[in-house]
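Undergrad: There's a structure below that I have some questions on.
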Amino acid sequence: MRRDLRGPAPGGRPVKRPTKLVIATHNKGKLREIRALLGPLGIECVGAEELDLPEPEETGNSFVDNAELKARQAADLSGLPALSDDSGLCVDALHGRPGIFSARWAEDEAGNRDWHRAMEKVWTETEAAGEDAGQDAHFACALSLAWPDGAIESFEGRVDGTLVWPPRGERGFGYDPMFVASGREQSFGEMDPAEKHAISHRADAFRKLVAALS
Ligand SMILES: O=P(O)(O)OP(=O)(O)OP(=O)(O)OC[C@H]1O[C@@H](n2cnc3c(O)ncnc32)[C@H](O)[C@@H]1O
Ligand SMILES: [Mg+2]
């Protein structure tokens with residue numbers, strides 16, 4: 001049953017539960033995961049590409065900044081509440097890089113993305129940092145929920161793990177084949193999607209979002 005929802009947000013403010021939501025991403029892998037996470041909530045979802053929304057320039061200095069600018073733009077242009085995701089891989093040996101530049105590390109001069117090339121760059125730089133620096137890394141995710149009236153809320157999540165080489169598995173997207181979450185053996189690229197959804201950075205942020213809604 002859909003509830004008419006107002007609940008305490010982390011800061012004590014109420015967050016209204018939307019009935020229809022624009023998913024403000026142009027990444028099909030993310031869209032698939034966000035739809036799966038939202039499925040049980042009974043919220044109607046429409047993708048940014050279905051509405052022909054432009055891809056904003058990510059000019060922020062943090063995952064939250066970028067998530068907020070993507071959600072804000074989608075809510076303003078569509079007149080609907082919008083949920084965005086800004087995420088990335090942060091490698092300890094690289095002082096958190098590629099971080100907010102995770103998508104840009106995959107791009108060539110024409111803007112085309114090649115994930116094998118991005119993973120290779122991450123691995124090469126991590127190795128160059130030296131054995132002592134290790135292979136520890138985490139995925140980070142910021143989710144922002146923006147309303148056409150100007151309200152906005154953001155939630156952050158992460159999952160810790162280790163980099164592996166060569167990449168393993170064809171599932172997931174982006175850097176998944178080179179990331180093994182702590183305590184696991186399969187890479188995110190090998191894992192059943194439901195298993196990734198149970199432990200991922202996106203799922204962690206999502207749990208906080210849902211907790212604020214109900
Ligand atoms: O901005 P939008 O349109 O949402 O799509 P994007 O692909 O450009 O997304 P980001 O700007 O947030 O870039 C983050 C990149 O980090 C990578 N990434 C984020 N979450 C990931 C995950 O769960 N598994 C693997 N890679 C991930 C992914 O490849 C993204 O392209
Ligand atoms: Mg992006």
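Every chain in the structure tokens has a letter given in the order shown (A, B, ...), and although residue numbers restart at 1 in each chain, ligands are simply numbered from 1 in the order shown.
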Please, which residues have at least one atom within 9 Å of an atom of ligand 2, using only C-alpha atoms and all ligand atoms, listed as a PyMOL selection string?
TA: chain A and resi 25-27+55-58+66-67+70+85-87+100-104
Undergrad: Residues near stretch 35-44 of chain A, anyone? I mean within 7 Å using only C-alpha atoms, not counting same-chain ones fewer than 3 positions away, as an NGL selection string.
TA: :A and (2 or 18-21 or 31-32)
Undergrad: For stretch 84-162 of chain A versus stretch 174-193 of chain A, which residues have an atom no more than 6 Å away, and what is each residue's nearest atom pair and distance in Å rounded to one decimal, using only C-alpha atoms, chain-then-number order, as JSON lines?
TA:
{"residue": "A:Trp115", "atom": "CA", "partner": "A:Gly174", "partner_atom": "CA", "distance": 5.8}
{"residue": "A:Asp160", "atom": "CA", "partner": "A:Ala181", "partner_atom": "CA", "distance": 5.8}
{"residue": "A:Gly161", "atom": "CA", "partner": "A:Ala181", "partner_atom": "CA", "distance": 4.0}
{"residue": "A:Thr162", "atom": "CA", "partner": "A:Val180", "partner_atom": "CA", "distance": 5.4}
Undergrad: Between A:Ala82, A:Ala140, A:Leu77, A:Cys45, single out the one closest to ligand 1, counting only C-alpha atoms and all ligand atoms.
TA: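 That would be A:Ala140, the residue with the smallest distance to ligand 1.
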Undergrad: If you run DSSP on the backbone, which residues of stretch 117-191 of chain A are strand (DSSP E), as a list in words?
TA: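 Result set for stretch 117-191 of chain A (strand (DSSP E)): Asp136, Ala137, His138, Phe139, Ala140, Cys141, Ala142, Leu143, Ser144, Leu145, Ala146, Ile152, Glu153, Ser154, Phe155, Glu156, Gly157, Arg158, Val159, Asp160, Gly161, Thr162, Leu163, Phe179, Val180 and Ala181 of chain A.
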Undergrad: Taking only stretch 4-83 of chain A into account, list the residues labelled helix (DSSP H, G or I) by DSSP (computed from the backbone), as number ranges by chain.
TA: A: 28-41, 63-78
Undergrad: Store the residues picked out above, limited to C-alpha atoms, as an mmCIF file, in the first residue's frame.
TA:
data_model
loop_
_atom_site.group_PDB
_atom_site.id
_atom_site.type_symbol
_atom_site.label_atom_id
_atom_site.label_comp_id
_atom_site.auth_asym_id
_atom_site.auth_seq_id
_atom_site.Cartn_x
_atom_site.Cartn_y
_atom_site.Cartn_z
ATOM 1 C CA LYS A 28 21.944 2.520 -18.030
ATOM 2 C CA GLY A 29 23.728 0.390 -15.407
ATOM 3 C CA LYS A 30 22.792 2.816 -12.648
ATOM 4 C CA LEU A 31 19.235 3.157 -13.949
ATOM 5 C CA ARG A 32 18.821 -0.625 -13.821
ATOM 6 C CA GLU A 33 20.117 -0.774 -10.240
ATOM 7 C CA ILE A 34 18.085 2.209 -9.025
ATOM 8 C CA ARG A 35 14.899 0.757 -10.541
ATOM 9 C CA ALA A 36 15.600 -2.544 -8.744
ATOM 10 C CA LEU A 37 16.185 -0.739 -5.440
ATOM 11 C CA LEU A 38 13.060 1.406 -5.850
ATOM 12 C CA GLY A 39 10.903 -1.521 -7.023
ATOM 13 C CA PRO A 40 9.586 -2.566 -3.603
ATOM 14 C CA LEU A 41 8.565 1.021 -2.770
ATOM 15 C CA PHE A 63 29.834 13.510 -4.925
ATOM 16 C CA VAL A 64 27.057 15.380 -3.084
ATOM 17 C CA ASP A 65 27.634 18.613 -5.051
ATOM 18 C CA ASN A 66 27.388 16.731 -8.343
ATOM 19 C CA ALA A 67 24.401 14.621 -7.282
ATOM 20 C CA GLU A 68 22.584 17.782 -6.210
ATOM 21 C CA LEU A 69 23.203 19.625 -9.439
ATOM 22 C CA LYS A 70 21.962 16.642 -11.485
ATOM 23 C CA ALA A 71 18.800 16.221 -9.380
ATOM 24 C CA ARG A 72 18.124 19.963 -9.279
ATOM 25 C CA GLN A 73 18.310 20.316 -13.048
ATOM 26 C CA ALA A 74 16.050 17.303 -13.662
ATOM 27 C CA ALA A 75 13.425 18.496 -11.157
ATOM 28 C CA ASP A 76 13.435 22.027 -12.596
ATOM 29 C CA LEU A 77 13.128 20.859 -16.197
ATOM 30 C CA SER A 78 10.573 18.082 -15.629
#
Undergrad: So, counting only C-alpha atoms, which residue among A:Glu109, A:Asp52, A:Asp92, A:Glu195 is closest to A:Gly134?
TA: A:Asp92
Undergrad: So how far away is atom CA of A:Val22 from atom CA of A:Ser84, in Å?
TA: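 Straight-line distance from atom CA of A:Ser84 to atom CA of A:Val22 works out to 8.4 Å.
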Undergrad: Restricting the calculation to only C-alpha atoms, which member of A:Ala198, A:Asp108, A:Val164, A:Leu83 is positioned closest to A:Val46?
TA: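 Between A:Ala198, A:Asp108, A:Val164, A:Leu83, the residue approaching A:Val46 most closely is A:Leu83.
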Undergrad: Pick out the closest residue to ligand 1 from this set: A:Pro148, A:Gly111, A:Gly79, A:Gly130. Count only C-alpha atoms and all ligand atoms.
TA: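 Using only C-alpha atoms and all ligand atoms, the shortest distance to ligand 1 belongs to A:Gly111.
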Undergrad: Taking only C-alpha atoms into account, which of A:Ala118, A:Leu209, A:Thr59, A:Ala48 comes nearest A:Leu145?
TA: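 Looking only at the distances to A:Leu145, the closest residue turns out to be A:Leu209.
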